file work_28.cif (mmCIF, C-alpha atoms and all ligand atoms)
data_protein
loop_
_atom_site.label_atom_id
_atom_site.label_comp_id
_atom_site.auth_asym_id
_atom_site.auth_seq_id
_atom_site.Cartn_x
_atom_site.Cartn_y
_atom_site.Cartn_z
CA MET D 96 28.31 -19.27 -1.39
CA SER D 97 29.25 -20.56 2.00
CA GLN D 98 30.42 -24.07 2.81
CA VAL D 99 27.32 -24.40 4.98
CA PRO D 100 24.16 -25.35 3.06
CA ASN D 101 21.80 -22.43 2.42
CA TYR D 102 24.05 -19.90 4.15
CA HIS D 103 25.89 -17.23 2.15
CA SER D 104 29.18 -15.60 3.08
CA LEU D 105 28.68 -11.85 3.30
CA SER D 106 31.20 -9.16 4.02
CA VAL D 107 30.41 -6.55 6.67
CA ALA D 108 30.22 -3.16 4.92
CA SER D 109 29.84 -1.00 8.03
CA VAL D 110 29.36 -1.08 11.80
CA ILE D 111 27.71 1.98 13.32
CA SER D 112 27.08 2.65 17.03
CA GLU D 113 23.46 3.77 17.45
CA THR D 114 23.50 4.03 21.26
CA ASP D 115 25.88 2.86 24.01
CA ASP D 116 24.57 -0.68 23.64
CA ALA D 117 23.20 -0.98 20.09
CA LYS D 118 25.00 -1.26 16.76
CA SER D 119 23.90 -1.37 13.15
CA ILE D 120 25.67 -3.79 10.83
CA SER D 121 25.27 -3.51 7.06
CA PHE D 122 26.30 -6.19 4.59
CA GLU D 123 27.83 -6.04 1.13
CA ILE D 124 25.66 -8.01 -1.30
CA PRO D 125 27.53 -9.25 -4.38
CA PRO D 126 25.55 -8.88 -7.65
CA GLU D 127 24.97 -12.64 -7.96
CA LEU D 128 23.17 -12.63 -4.58
CA ALA D 129 21.05 -9.51 -5.17
CA ALA D 130 17.88 -11.51 -5.87
CA THR D 131 18.50 -13.85 -2.92
CA PHE D 132 18.86 -10.92 -0.53
CA ALA D 133 15.94 -8.86 -1.84
CA TYR D 134 13.73 -8.24 1.18
CA LYS D 135 10.57 -6.61 2.46
CA PRO D 136 10.29 -4.02 5.23
CA GLY D 137 10.08 -5.76 8.61
CA GLN D 138 11.90 -8.97 7.62
CA PHE D 139 14.93 -10.43 9.40
CA LEU D 140 18.29 -12.03 8.65
CA THR D 141 19.66 -15.13 10.36
CA LEU D 142 23.36 -14.80 11.21
CA ARG D 143 25.59 -17.76 11.98
CA ILE D 144 27.54 -16.56 14.99
CA PRO D 145 30.73 -18.16 16.26
CA HIS D 146 30.52 -19.23 19.89
CA ASN D 147 32.94 -21.40 21.87
CA GLY D 148 34.32 -23.14 18.79
CA LYS D 149 30.83 -23.78 17.43
CA TYR D 150 28.18 -21.70 15.71
CA ILE D 151 24.79 -20.49 16.88
CA PRO D 152 22.06 -19.16 14.55
CA ARG D 153 20.48 -15.86 15.56
CA CYS D 154 17.69 -13.86 13.89
CA TYR D 155 17.97 -10.07 13.76
CA SER D 156 15.43 -7.74 12.18
CA MET D 157 16.58 -5.43 9.46
CA SER D 158 16.36 -1.74 10.23
CA SER D 159 17.08 -0.84 6.60
CA THR D 160 14.29 -0.23 4.13
CA PRO D 161 14.32 -1.74 0.64
CA GLY D 162 14.67 0.89 -2.07
CA GLN D 163 15.93 3.48 0.42
CA ASP D 164 19.13 1.97 1.80
CA PRO D 165 21.88 0.61 -0.43
CA ARG D 166 22.53 -2.44 1.74
CA PRO D 167 20.58 -4.63 4.15
CA ARG D 168 21.33 -3.64 7.74
CA VAL D 169 20.48 -5.24 11.05
CA THR D 170 20.46 -3.33 14.34
CA VAL D 171 21.48 -5.37 17.37
CA LYS D 172 21.29 -4.43 21.04
CA ARG D 173 23.36 -5.99 23.80
CA VAL D 174 21.37 -8.07 26.27
CA ASP D 175 22.49 -9.55 29.58
CA GLY D 176 23.87 -12.99 28.81
CA GLY D 177 22.99 -12.69 25.11
CA ARG D 178 25.56 -14.89 23.41
CA GLY D 179 24.73 -13.75 19.88
CA SER D 180 23.95 -10.07 20.35
CA ASN D 181 26.92 -9.44 22.64
CA TRP D 182 29.30 -11.10 20.20
CA VAL D 183 27.95 -8.94 17.36
CA CYS D 184 28.27 -5.75 19.42
CA ASP D 185 31.73 -6.59 20.80
CA ASN D 186 33.49 -8.22 17.87
CA LEU D 187 32.09 -7.52 14.44
CA LYS D 188 33.95 -4.96 12.35
CA LYS D 189 34.01 -3.71 8.79
CA GLY D 190 35.51 -6.25 6.38
CA ASP D 191 34.65 -9.29 8.52
CA THR D 192 32.80 -12.13 6.85
CA LEU D 193 29.72 -13.76 8.29
CA GLU D 194 27.44 -16.60 7.17
CA VAL D 195 23.93 -15.27 6.58
CA LEU D 196 20.63 -16.88 5.51
CA ALA D 197 18.39 -15.20 2.95
CA PRO D 198 15.86 -12.70 4.41
CA ALA D 199 12.74 -14.22 5.93
CA GLY D 200 9.78 -13.30 8.10
CA LEU D 201 6.14 -12.38 7.75
CA PHE D 202 6.14 -9.23 9.89
CA THR D 203 5.63 -7.05 6.85
CA PRO D 204 2.70 -5.03 5.47
CA LYS D 205 0.96 -6.32 2.37
CA ASP D 206 -0.27 -2.88 1.36
CA LEU D 207 1.70 0.26 2.21
CA ASN D 208 -1.24 2.54 1.38
CA ARG D 209 -2.90 2.08 4.75
CA ASP D 210 -2.82 3.83 8.09
CA PHE D 211 -0.31 2.21 10.43
CA LEU D 212 -0.33 2.07 14.20
CA LEU D 213 3.11 0.93 15.34
CA PHE D 214 4.29 -0.12 18.80
CA ALA D 215 8.00 -0.56 19.53
CA GLY D 216 9.77 -1.28 22.81
CA GLY D 217 13.58 -0.78 22.93
CA SER D 218 15.35 -2.58 20.08
CA GLY D 219 11.91 -3.68 18.84
CA ILE D 220 12.10 -0.43 16.87
CA THR D 221 14.28 -2.21 14.30
CA PRO D 222 11.63 -3.80 12.02
CA VAL D 223 9.10 -1.11 12.94
CA TYR D 224 11.45 1.64 11.73
CA SER D 225 11.85 -0.20 8.42
CA ILE D 226 8.07 -0.48 8.02
CA ALA D 227 7.50 3.17 8.98
CA ARG D 228 9.99 4.46 6.40
CA ALA D 229 8.56 2.21 3.70
CA ALA D 230 5.02 3.37 4.45
CA LEU D 231 6.00 7.04 4.49
CA LYS D 232 7.98 6.91 1.27
CA ASN D 233 5.85 4.48 -0.74
CA GLY D 234 2.44 4.73 0.88
CA SER D 235 -0.07 7.47 1.46
CA GLY D 236 -1.60 6.86 4.92
CA LYS D 237 -0.91 8.05 8.45
CA VAL D 238 1.86 6.46 10.50
CA THR D 239 1.71 6.67 14.29
CA LEU D 240 4.48 5.22 16.42
CA PHE D 241 4.34 4.53 20.16
CA TYR D 242 7.97 4.00 21.15
CA ALA D 243 8.89 2.93 24.69
CA ASN D 244 12.41 3.12 26.12
CA ARG D 245 14.18 3.21 29.45
CA ASP D 246 15.42 6.80 29.01
CA TRP D 247 16.46 9.23 26.23
CA ALA D 248 19.98 7.77 26.04
CA SER D 249 18.61 4.37 25.07
CA VAL D 250 16.39 5.59 22.21
CA ILE D 251 17.67 4.01 19.00
CA PHE D 252 17.16 6.18 15.86
CA LEU D 253 16.12 9.22 17.93
CA GLU D 254 17.57 11.78 15.51
CA LYS D 255 16.45 9.89 12.44
CA LEU D 256 12.90 9.76 13.77
CA GLN D 257 13.01 13.50 14.45
CA GLU D 258 14.14 14.10 10.87
CA LEU D 259 11.37 11.87 9.56
CA SER D 260 8.81 13.74 11.69
CA MET D 261 9.95 17.01 10.11
CA GLU D 262 9.83 15.57 6.62
CA TYR D 263 6.39 13.97 7.03
CA MET D 264 4.79 16.41 9.47
CA GLU D 265 1.28 15.74 8.19
CA ARG D 266 1.50 11.95 8.25
CA LEU D 267 3.92 10.82 10.97
CA THR D 268 3.34 11.06 14.72
CA VAL D 269 5.95 9.68 17.13
CA ILE D 270 5.08 9.34 20.81
CA HIS D 271 8.12 8.63 22.99
CA TRP D 272 7.31 6.83 26.23
CA LEU D 273 10.18 6.85 28.74
CA ASP D 274 10.09 4.41 31.63
CA SER D 275 12.33 6.76 33.62
CA GLU D 276 9.62 9.42 33.52
CA LYS D 277 6.32 7.51 33.41
CA GLY D 278 7.06 3.96 34.54
CA PHE D 279 6.62 0.97 32.22
CA ALA D 280 4.07 1.34 29.45
CA ASN D 281 1.20 -0.93 30.44
CA LYS D 282 -2.01 -2.10 28.88
CA GLY D 283 -3.99 0.78 30.39
CA SER D 284 -1.77 3.52 28.97
CA MET D 285 -1.57 1.84 25.58
CA THR D 286 -5.34 1.30 25.41
CA VAL D 287 -5.93 5.03 25.96
CA PHE D 288 -3.40 5.78 23.24
CA ALA D 289 -4.81 3.17 20.82
CA ASN D 290 -8.38 4.39 21.31
CA GLU D 291 -7.38 7.97 20.50
CA GLN D 292 -5.39 7.02 17.44
CA LEU D 293 -7.80 4.49 15.97
CA GLN D 294 -10.57 7.07 15.93
CA GLN D 295 -8.49 9.13 13.51
CA MET D 296 -7.48 6.26 11.24
CA GLN D 297 -9.02 4.57 8.23
CA HIS D 298 -8.72 0.79 8.01
CA PRO D 299 -5.54 0.69 10.14
CA GLU D 300 -3.05 -2.11 10.52
CA ALA D 301 -0.89 -2.52 13.65
CA PHE D 302 2.64 -3.87 14.08
CA ILE D 303 4.16 -4.60 17.50
CA CYS D 304 7.76 -5.49 18.39
CA GLY D 305 9.58 -5.33 21.73
CA PRO D 306 10.04 -7.23 24.99
CA ALA D 307 7.46 -9.96 25.60
CA ALA D 308 5.56 -8.10 28.35
CA PHE D 309 5.39 -4.97 26.21
CA MET D 310 4.05 -6.91 23.22
CA ASP D 311 1.45 -8.71 25.32
CA ALA D 312 0.26 -5.39 26.76
CA ALA D 313 0.13 -3.70 23.33
CA GLU D 314 -1.73 -6.64 21.79
CA ALA D 315 -4.26 -6.63 24.63
CA ALA D 316 -4.65 -2.85 24.32
CA LEU D 317 -5.42 -3.11 20.61
CA HIS D 318 -7.89 -5.88 21.32
CA ASP D 319 -9.65 -3.70 23.91
CA ALA D 320 -9.60 -0.78 21.49
CA GLY D 321 -11.49 -2.96 19.00
CA LEU D 322 -8.89 -3.56 16.28
CA PRO D 323 -9.63 -6.96 14.66
CA PRO D 324 -6.92 -9.57 15.43
CA ASP D 325 -6.20 -10.08 11.73
CA GLU D 326 -4.98 -6.47 11.56
CA VAL D 327 -2.51 -6.92 14.43
CA HIS D 328 0.95 -8.33 13.79
CA VAL D 329 3.36 -9.26 16.55
CA GLU D 330 7.03 -10.13 16.01
CA ARG D 331 8.14 -12.63 18.64
CA PHE D 332 11.75 -13.72 18.54
CA VAL D 333 12.64 -16.78 20.51
CA SER D 334 16.14 -18.08 21.13
CA LEU D 335 16.87 -20.58 18.41
CA PRO D 336 18.31 -24.00 19.22
CA ASP D 337 22.06 -24.39 18.84
CA GLU D 338 23.24 -25.43 15.42
CA ASP D 339 24.37 -28.84 16.57
CA ALA D 340 21.03 -29.61 18.22
CA PRO D 341 19.77 -32.66 16.31
CA LEU D 342 16.82 -32.23 13.94
CA ASP D 343 13.85 -34.45 14.76
CA HIS D 344 13.66 -37.27 12.22
CA SER D 345 11.55 -39.63 14.31
CA PRO D 346 8.92 -41.63 12.39
CA VAL D 347 5.58 -39.91 11.97
CA GLU D 348 2.48 -42.04 12.30
CA GLY D 349 0.53 -41.95 9.04
CA ALA D 350 3.40 -40.39 7.06
CA VAL D 351 2.99 -41.08 3.34
CA TYR D 352 6.19 -42.17 1.63
CA GLY D 353 6.48 -40.56 -1.79
CA ALA D 354 3.71 -38.01 -1.21
CA GLN D 355 3.30 -35.63 -4.15
CA VAL D 356 3.67 -32.06 -3.00
CA GLU D 357 2.77 -29.03 -5.08
CA ILE D 358 4.44 -25.85 -3.85
CA SER D 359 3.43 -22.32 -4.89
CA LEU D 360 6.22 -19.92 -4.10
CA TYR D 361 6.82 -16.37 -5.39
CA GLY D 362 4.61 -16.92 -8.44
CA GLU D 363 6.19 -20.27 -9.41
CA THR D 364 4.70 -23.73 -8.98
CA TYR D 365 6.88 -26.75 -8.22
CA LYS D 366 5.93 -30.43 -8.01
CA ILE D 367 8.12 -32.57 -5.81
CA GLU D 368 8.03 -35.82 -3.91
CA CYS D 369 8.64 -36.23 -0.17
CA ASN D 370 10.81 -39.07 1.08
CA GLU D 371 9.80 -41.08 4.11
CA ASN D 372 9.37 -38.88 7.20
CA GLU D 373 10.79 -35.94 5.27
CA THR D 374 9.30 -32.50 5.91
CA ILE D 375 8.06 -30.34 3.07
CA LEU D 376 10.91 -27.89 3.67
CA GLU D 377 13.54 -30.64 3.60
CA ALA D 378 12.11 -31.96 0.32
CA ALA D 379 11.99 -28.44 -1.14
CA LEU D 380 15.61 -27.69 -0.23
CA ARG D 381 16.70 -31.12 -1.54
CA ASN D 382 15.09 -30.10 -4.85
CA LYS D 383 16.95 -26.75 -4.78
CA ILE D 384 13.76 -24.75 -4.27
CA GLN D 385 14.55 -21.54 -2.38
CA ALA D 386 11.79 -21.87 0.20
CA PRO D 387 12.14 -19.47 3.15
CA PHE D 388 13.27 -20.77 6.54
CA SER D 389 15.42 -19.95 9.50
CA CYS D 390 15.37 -22.06 12.68
CA GLN D 391 14.14 -25.40 11.26
CA ALA D 392 12.86 -26.07 14.76
CA GLY D 393 9.25 -24.87 14.63
CA MET D 394 10.07 -21.70 16.54
CA CYS D 395 10.32 -18.74 14.17
CA SER D 396 7.53 -19.01 11.53
CA ALA D 397 9.84 -18.01 8.68
CA CYS D 398 8.79 -21.18 6.82
CA MET D 399 5.03 -20.67 7.29
CA CYS D 400 2.79 -21.53 4.35
CA LYS D 401 -0.84 -22.35 3.76
CA LEU D 402 -1.99 -25.94 3.39
CA GLU D 403 -4.41 -25.86 0.45
CA GLU D 404 -4.90 -29.58 -0.09
CA GLY D 405 -4.17 -32.79 1.80
CA THR D 406 -3.02 -33.27 5.38
CA VAL D 407 0.27 -33.06 7.25
CA HIS D 408 1.60 -33.87 10.69
CA MET D 409 3.49 -31.01 12.35
CA ARG D 410 6.24 -32.41 14.55
CA HIS D 411 6.60 -29.28 16.62
CA ASN D 412 4.97 -25.85 16.74
CA GLU D 413 5.94 -22.95 18.95
CA ALA D 414 5.32 -20.31 16.30
CA LEU D 415 1.72 -20.55 15.08
CA ASP D 416 -1.23 -19.67 17.27
CA ALA D 417 -4.79 -20.98 17.11
CA ARG D 418 -5.75 -18.22 14.68
CA ASP D 419 -2.96 -19.18 12.24
CA LEU D 420 -3.88 -22.87 12.48
CA ALA D 421 -7.55 -22.11 11.86
CA ARG D 422 -6.52 -20.30 8.66
CA GLY D 423 -4.77 -23.49 7.49
CA MET D 424 -1.24 -22.24 8.14
CA ILE D 425 1.52 -24.78 8.73
CA LEU D 426 5.26 -24.71 9.39
CA SER D 427 6.85 -26.35 6.37
CA CYS D 428 10.01 -27.18 8.37
CA GLN D 429 7.92 -29.38 10.67
CA SER D 430 5.25 -30.71 8.32
CA VAL D 431 5.41 -34.31 7.11
CA PRO D 432 2.70 -35.20 4.55
CA THR D 433 0.06 -37.67 5.73
CA ALA D 434 -1.82 -37.66 2.40
CA THR D 435 -0.68 -38.76 -1.05
CA GLN D 436 -1.40 -35.32 -2.55
CA VAL D 437 -0.52 -32.13 -0.72
CA LYS D 438 -0.61 -28.53 -1.92
CA VAL D 439 0.97 -25.63 -0.10
CA ARG D 440 1.25 -21.92 -0.89
CA TYR D 441 3.79 -19.54 0.63
CA PRO D 442 2.72 -15.94 1.32
CA ASP D 443 3.60 -13.45 -1.47
FE1 LIG K 501 11.56 -21.58 11.86
FE2 LIG K 501 10.21 -23.35 10.36
S1 LIG K 501 12.09 -22.39 9.91
S2 LIG K 501 9.61 -22.45 12.21
#
call {"tool": "encode", "arguments": {"input": "work_28.cif", "output": "structure tokens"}}
result
Amino acid sequence: MSQVPNYHSLSVASVISETDDAKSISFEIPPELAATFAYKPGQFLTLRIPHNGKYIPRCYSMSSTPGQDPRPRVTVKRVDGGRGSNWVCDNLKKGDTLEVLAPAGLFTPKDLNRDFLLFAGGSGITPVYSIARAALKNGSGKVTLFYANRDWASVIFLEKLQELSMEYMERLTVIHWLDSEKGFANKGSMTVFANEQLQQMQHPEAFICGPAAFMDAAEAALHDAGLPPDEVHVERFVSLPDEDAPLDHSPVEGAVYGAQVEISLYGETYKIECNENETILEAALRNKIQAPFSCQAGMCSACMCKLEEGTVHMRHNEALDARDLARGMILSCQSVPTATQVKVRYPD
């Protein structure tokens, strides 16, 4: 266990260069942390990265697939001015120790026995690759991947995807889109592609990860192609606030001191009490409940849960959209109870 609450010290098991500017880092998980670091395809790890004598938290998707890879592995690409990713690519080596939060994230399929339409741009392949391998090995549907990159040299997992295509010839289709040959993939090109693919799929689910403009275009294309929004998942990573940025503890109007909160998490039910102006996540962690979280700033959605009873005030929300809110979703790291009885349920 690390000295820092909720973080765990993990040793780097390997560092592999995937392309000139992307590396995969796998972590040794000691037996006592095996349950803590169990994960689902598409989830991410939060690494505590040293920077200028301080630490910055950064989320990186896992490219490994549970049940197929012996260790969790993130794949990180250098970005201009990227404090976290450049440090990982330039400095991390086998045997180093890093502080890591338990896996989190909701960019993961509930049922692997579906047809999957996947869109990845650049290093956005990382969670998508994990989902694709899980679906091919443990599911039975078709998997179609639209993968956009600058040029062939920047394609992460090129050979591995070719091997997978050979192994699952009947079920996997990979379409490489190279900006150097065709210009940027835009909504028009992706709509044509989505229309063609969706006609051949049964009850498909889509996952999108990549640069913001790419994700917006892919999401709009799927909308135009008629895929219901509930079947479209988009992984948006934002830069997290620095570790020493103060948490908001300002008084919340209508906050109920001593609110009774019932939490359903991974099949267990817990009953706890919230202190004054305390968020549900803060109360859960104070009670040693391993609720998922990452940024604690309302920006990543790792702590999302469903409000089943009562009311809360969310201090800040940059992660949930109108659709999530209409479904009763809240960010537990930002939610202060404003009713005496509150019930929340985390996704399975
Ligand atoms: Fe990131 Fe709550 S932990 S939004």
call {"tool": "residues_around", "arguments": {"input": "work_28.cif", "residues": "D:Phe302", "least_positions_apart": "2", "cutoff": "10 Å", "atoms": "all atoms listed in the file", "output": "mmCIF file with C-alpha atoms, in the coordinates of the input"}}
result
data_model
loop_
_atom_site.group_PDB
_atom_site.id
_atom_site.type_symbol
_atom_site.label_atom_id
_atom_site.label_comp_id
_atom_site.auth_asym_id
_atom_site.auth_seq_id
_atom_site.Cartn_x
_atom_site.Cartn_y
_atom_site.Cartn_z
ATOM 1 C CA GLY D 137 10.080 -5.760 8.610
ATOM 2 C CA PHE D 202 6.140 -9.230 9.890
ATOM 3 C CA THR D 203 5.630 -7.050 6.850
ATOM 4 C CA PRO D 204 2.700 -5.030 5.470
ATOM 5 C CA PHE D 211 -0.310 2.210 10.430
ATOM 6 C CA LEU D 212 -0.330 2.070 14.200
ATOM 7 C CA LEU D 213 3.110 0.930 15.340
ATOM 8 C CA PHE D 214 4.290 -0.120 18.800
ATOM 9 C CA ALA D 215 8.000 -0.560 19.530
ATOM 10 C CA PRO D 222 11.630 -3.800 12.020
ATOM 11 C CA VAL D 223 9.100 -1.110 12.940
ATOM 12 C CA ILE D 226 8.070 -0.480 8.020
ATOM 13 C CA ALA D 227 7.500 3.170 8.980
ATOM 14 C CA LEU D 240 4.480 5.220 16.420
ATOM 15 C CA GLU D 300 -3.050 -2.110 10.520
ATOM 16 C CA CYS D 304 7.760 -5.490 18.390
ATOM 17 C CA MET D 310 4.050 -6.910 23.220
ATOM 18 C CA ALA D 313 0.130 -3.700 23.330
ATOM 19 C CA GLU D 314 -1.730 -6.640 21.790
ATOM 20 C CA GLU D 326 -4.980 -6.470 11.560
ATOM 21 C CA VAL D 327 -2.510 -6.920 14.430
ATOM 22 C CA HIS D 328 0.950 -8.330 13.790
ATOM 23 C CA VAL D 329 3.360 -9.260 16.550
ATOM 24 C CA GLU D 330 7.030 -10.130 16.010
#
call {"tool": "residues_near_ligand", "arguments": {"input": "work_28.cif", "ligand": "ligand LIG 501 (chain K)", "cutoff": "10 Å", "atoms": "all atoms listed in the file", "output": "PDB file with C-alpha atoms, in the frame of the given file"}}
result
ATOM      1  CA  ALA D 199      12.740 -14.220   5.930  1.00  0.00           C
ATOM      2  CA  GLY D 200       9.780 -13.300   8.100  1.00  0.00           C
ATOM      3  CA  VAL D 333      12.640 -16.780  20.510  1.00  0.00           C
ATOM      4  CA  LEU D 335      16.870 -20.580  18.410  1.00  0.00           C
ATOM      5  CA  LEU D 376      10.910 -27.890   3.670  1.00  0.00           C
ATOM      6  CA  ALA D 386      11.790 -21.870   0.200  1.00  0.00           C
ATOM      7  CA  PRO D 387      12.140 -19.470   3.150  1.00  0.00           C
ATOM      8  CA  PHE D 388      13.270 -20.770   6.540  1.00  0.00           C
ATOM      9  CA  SER D 389      15.420 -19.950   9.500  1.00  0.00           C
ATOM     10  CA  CYS D 390      15.370 -22.060  12.680  1.00  0.00           C
ATOM     11  CA  GLN D 391      14.140 -25.400  11.260  1.00  0.00           C
ATOM     12  CA  ALA D 392      12.860 -26.070  14.760  1.00  0.00           C
ATOM     13  CA  GLY D 393       9.250 -24.870  14.630  1.00  0.00           C
ATOM     14  CA  MET D 394      10.070 -21.700  16.540  1.00  0.00           C
ATOM     15  CA  CYS D 395      10.320 -18.740  14.170  1.00  0.00           C
ATOM     16  CA  SER D 396       7.530 -19.010  11.530  1.00  0.00           C
ATOM     17  CA  ALA D 397       9.840 -18.010   8.680  1.00  0.00           C
ATOM     18  CA  CYS D 398       8.790 -21.180   6.820  1.00  0.00           C
ATOM     19  CA  MET D 399       5.030 -20.670   7.290  1.00  0.00           C
ATOM     20  CA  CYS D 400       2.790 -21.530   4.350  1.00  0.00           C
ATOM     21  CA  HIS D 411       6.600 -29.280  16.620  1.00  0.00           C
ATOM     22  CA  ASN D 412       4.970 -25.850  16.740  1.00  0.00           C
ATOM     23  CA  GLU D 413       5.940 -22.950  18.950  1.00  0.00           C
ATOM     24  CA  ALA D 414       5.320 -20.310  16.300  1.00  0.00           C
ATOM     25  CA  LEU D 415       1.720 -20.550  15.080  1.00  0.00           C
ATOM     26  CA  ILE D 425       1.520 -24.780   8.730  1.00  0.00           C
ATOM     27  CA  LEU D 426       5.260 -24.710   9.390  1.00  0.00           C
ATOM     28  CA  SER D 427       6.850 -26.350   6.370  1.00  0.00           C
ATOM     29  CA  CYS D 428      10.010 -27.180   8.370  1.00  0.00           C
ATOM     30  CA  GLN D 429       7.920 -29.380  10.670  1.00  0.00           C
ATOM     31  CA  SER D 430       5.250 -30.710   8.320  1.00  0.00           C
TER      32      SER D 430
END
call {"tool": "closest_residue", "arguments": {"input": "work_28.cif", "among": "D:Trp272, D:Val437, D:Val431, D:Ala197", "to": "D:Ala130", "atoms": "only C-alpha atoms"}}
result
D:Ala197
call {"tool": "closest_atom_pairs", "arguments": {"input": "work_28.cif", "of": "stretch 103-168 of chain D", "to": "stretch 252-268 of chain D", "cutoff": "12 Å", "atoms": "all atoms listed in the file", "output": "Markdown table"}}
result
| residue | atom | partner | partner_atom | distance |
| --- | --- | --- | --- | --- |
| D:Ile111 | CA | D:Phe252 | CA | 11.6 |
| D:Ser112 | CA | D:Phe252 | CA | 10.6 |
| D:Glu113 | CA | D:Phe252 | CA | 6.9 |
| D:Thr114 | CA | D:Phe252 | CA | 8.6 |
| D:Ala117 | CA | D:Phe252 | CA | 10.3 |
| D:Lys118 | CA | D:Phe252 | CA | 10.8 |
| D:Ser119 | CA | D:Phe252 | CA | 10.5 |
| D:Ser158 | CA | D:Phe252 | CA | 9.8 |
| D:Ser159 | CA | D:Phe252 | CA | 11.6 |
call {"tool": "write_last_selection", "arguments": {"input": "work_28.cif", "atoms": "C-alpha atoms", "output": "mmCIF file, keeping the file's coordinate frame"}}
result
data_model
loop_
_atom_site.group_PDB
_atom_site.id
_atom_site.type_symbol
_atom_site.label_atom_id
_atom_site.label_comp_id
_atom_site.auth_asym_id
_atom_site.auth_seq_id
_atom_site.Cartn_x
_atom_site.Cartn_y
_atom_site.Cartn_z
ATOM 1 C CA ILE D 111 27.710 1.980 13.320
ATOM 2 C CA SER D 112 27.080 2.650 17.030
ATOM 3 C CA GLU D 113 23.460 3.770 17.450
ATOM 4 C CA THR D 114 23.500 4.030 21.260
ATOM 5 C CA ALA D 117 23.200 -0.980 20.090
ATOM 6 C CA LYS D 118 25.000 -1.260 16.760
ATOM 7 C CA SER D 119 23.900 -1.370 13.150
ATOM 8 C CA SER D 158 16.360 -1.740 10.230
ATOM 9 C CA SER D 159 17.080 -0.840 6.600
#
call {"tool": "atom_distance", "arguments": {"input": "work_28.cif", "atom1": "atom CA of D:Pro125", "atom2": "atom CA of D:Leu105"}}
result
8.2 Å
call {"tool": "atom_distance", "arguments": {"input": "work_28.cif", "atom1": "atom CA of D:Pro306", "atom2": "atom CA of D:Ser218"}}
result
8.6 Å
call {"tool": "residues_around", "arguments": {"input": "work_28.cif", "residues": "stretch 120-124 of chain D", "least_positions_apart": "4", "cutoff": "6 Å", "atoms": "all atoms listed in the file", "output": "JSON, numbers by chain"}}
result
{"D": [106, 107, 108, 109, 110, 167, 168, 169]}
call {"tool": "residues_around", "arguments": {"input": "work_28.cif", "residues": "D:Ser284", "least_positions_apart": "5", "cutoff": "12 Å", "atoms": "all atoms listed in the file", "output": "number ranges by chain"}}
result
D: 241, 243, 272, 277-279, 289-291, 309, 312-313, 315-317, 319-320
call {"tool": "residues_around", "arguments": {"input": "work_28.cif", "residues": "stretch 344-359 of chain D", "least_positions_apart": "5", "cutoff": "6 Å", "atoms": "all atoms listed in the file", "output": "VMD selection string"}}
result
chain D and resid 364 to 372 432 to 440
call {"tool": "write_last_selection", "arguments": {"input": "work_28.cif", "atoms": "C-alpha atoms", "output": "PDB file, keeping the file's coordinate frame"}}
result
ATOM      1  CA  THR D 364       4.700 -23.730  -8.980  1.00  0.00           C
ATOM      2  CA  TYR D 365       6.880 -26.750  -8.220  1.00  0.00           C
ATOM      3  CA  LYS D 366       5.930 -30.430  -8.010  1.00  0.00           C
ATOM      4  CA  ILE D 367       8.120 -32.570  -5.810  1.00  0.00           C
ATOM      5  CA  GLU D 368       8.030 -35.820  -3.910  1.00  0.00           C
ATOM      6  CA  CYS D 369       8.640 -36.230  -0.170  1.00  0.00           C
ATOM      7  CA  ASN D 370      10.810 -39.070   1.080  1.00  0.00           C
ATOM      8  CA  GLU D 371       9.800 -41.080   4.110  1.00  0.00           C
ATOM      9  CA  ASN D 372       9.370 -38.880   7.200  1.00  0.00           C
ATOM     10  CA  PRO D 432       2.700 -35.200   4.550  1.00  0.00           C
ATOM     11  CA  THR D 433       0.060 -37.670   5.730  1.00  0.00           C
ATOM     12  CA  ALA D 434      -1.820 -37.660   2.400  1.00  0.00           C
ATOM     13  CA  THR D 435      -0.680 -38.760  -1.050  1.00  0.00           C
ATOM     14  CA  GLN D 436      -1.400 -35.320  -2.550  1.00  0.00           C
ATOM     15  CA  VAL D 437      -0.520 -32.130  -0.720  1.00  0.00           C
ATOM     16  CA  LYS D 438      -0.610 -28.530  -1.920  1.00  0.00           C
ATOM     17  CA  VAL D 439       0.970 -25.630  -0.100  1.00  0.00           C
ATOM     18  CA  ARG D 440       1.250 -21.920  -0.890  1.00  0.00           C
TER      19      ARG D 440
END
call {"tool": "residues_around", "arguments": {"input": "work_28.cif", "residues": "D:Tyr361", "least_positions_apart": "5", "cutoff": "9 Å", "atoms": "only C-alpha atoms", "output": "count of residues only"}}
result
3
call {"tool": "atom_distance", "arguments": {"input": "work_28.cif", "atom1": "atom CA of D:Glu194", "atom2": "atom CA of D:Arg410"}}
result
27.5 Å
call {"tool": "closest_residue", "arguments": {"input": "work_28.cif", "among": "D:Met157, D:Asp337, D:Lys172, D:Asp115", "to": "D:Pro145", "atoms": "only C-alpha atoms"}}
result
D:Asp337
call {"tool": "closest_residue", "arguments": {"input": "work_28.cif", "among": "D:Leu196, D:Leu322, D:Ile151, D:Ala248", "to": "D:Val183", "atoms": "all atoms listed in the file"}}
result
D:Ile151
call {"tool": "axis_aligned_box", "arguments": {"input": "work_28.cif", "around": "stretch 320-324 of chain D", "padding_each_side": "3 Å", "output": "lines of an AutoDock Vina configuration file"}}
result
center_x = -9.2
center_y = -5.2
center_z = 18.1
size_x = 10.6
size_y = 14.8
size_z = 12.8
call {"tool": "closest_residue", "arguments": {"input": "work_28.cif", "among": "D:Ser275, D:Gln163, D:Ser156, D:Gln295", "to": "D:Arg228", "atoms": "only C-alpha atoms"}}
result
D:Gln163
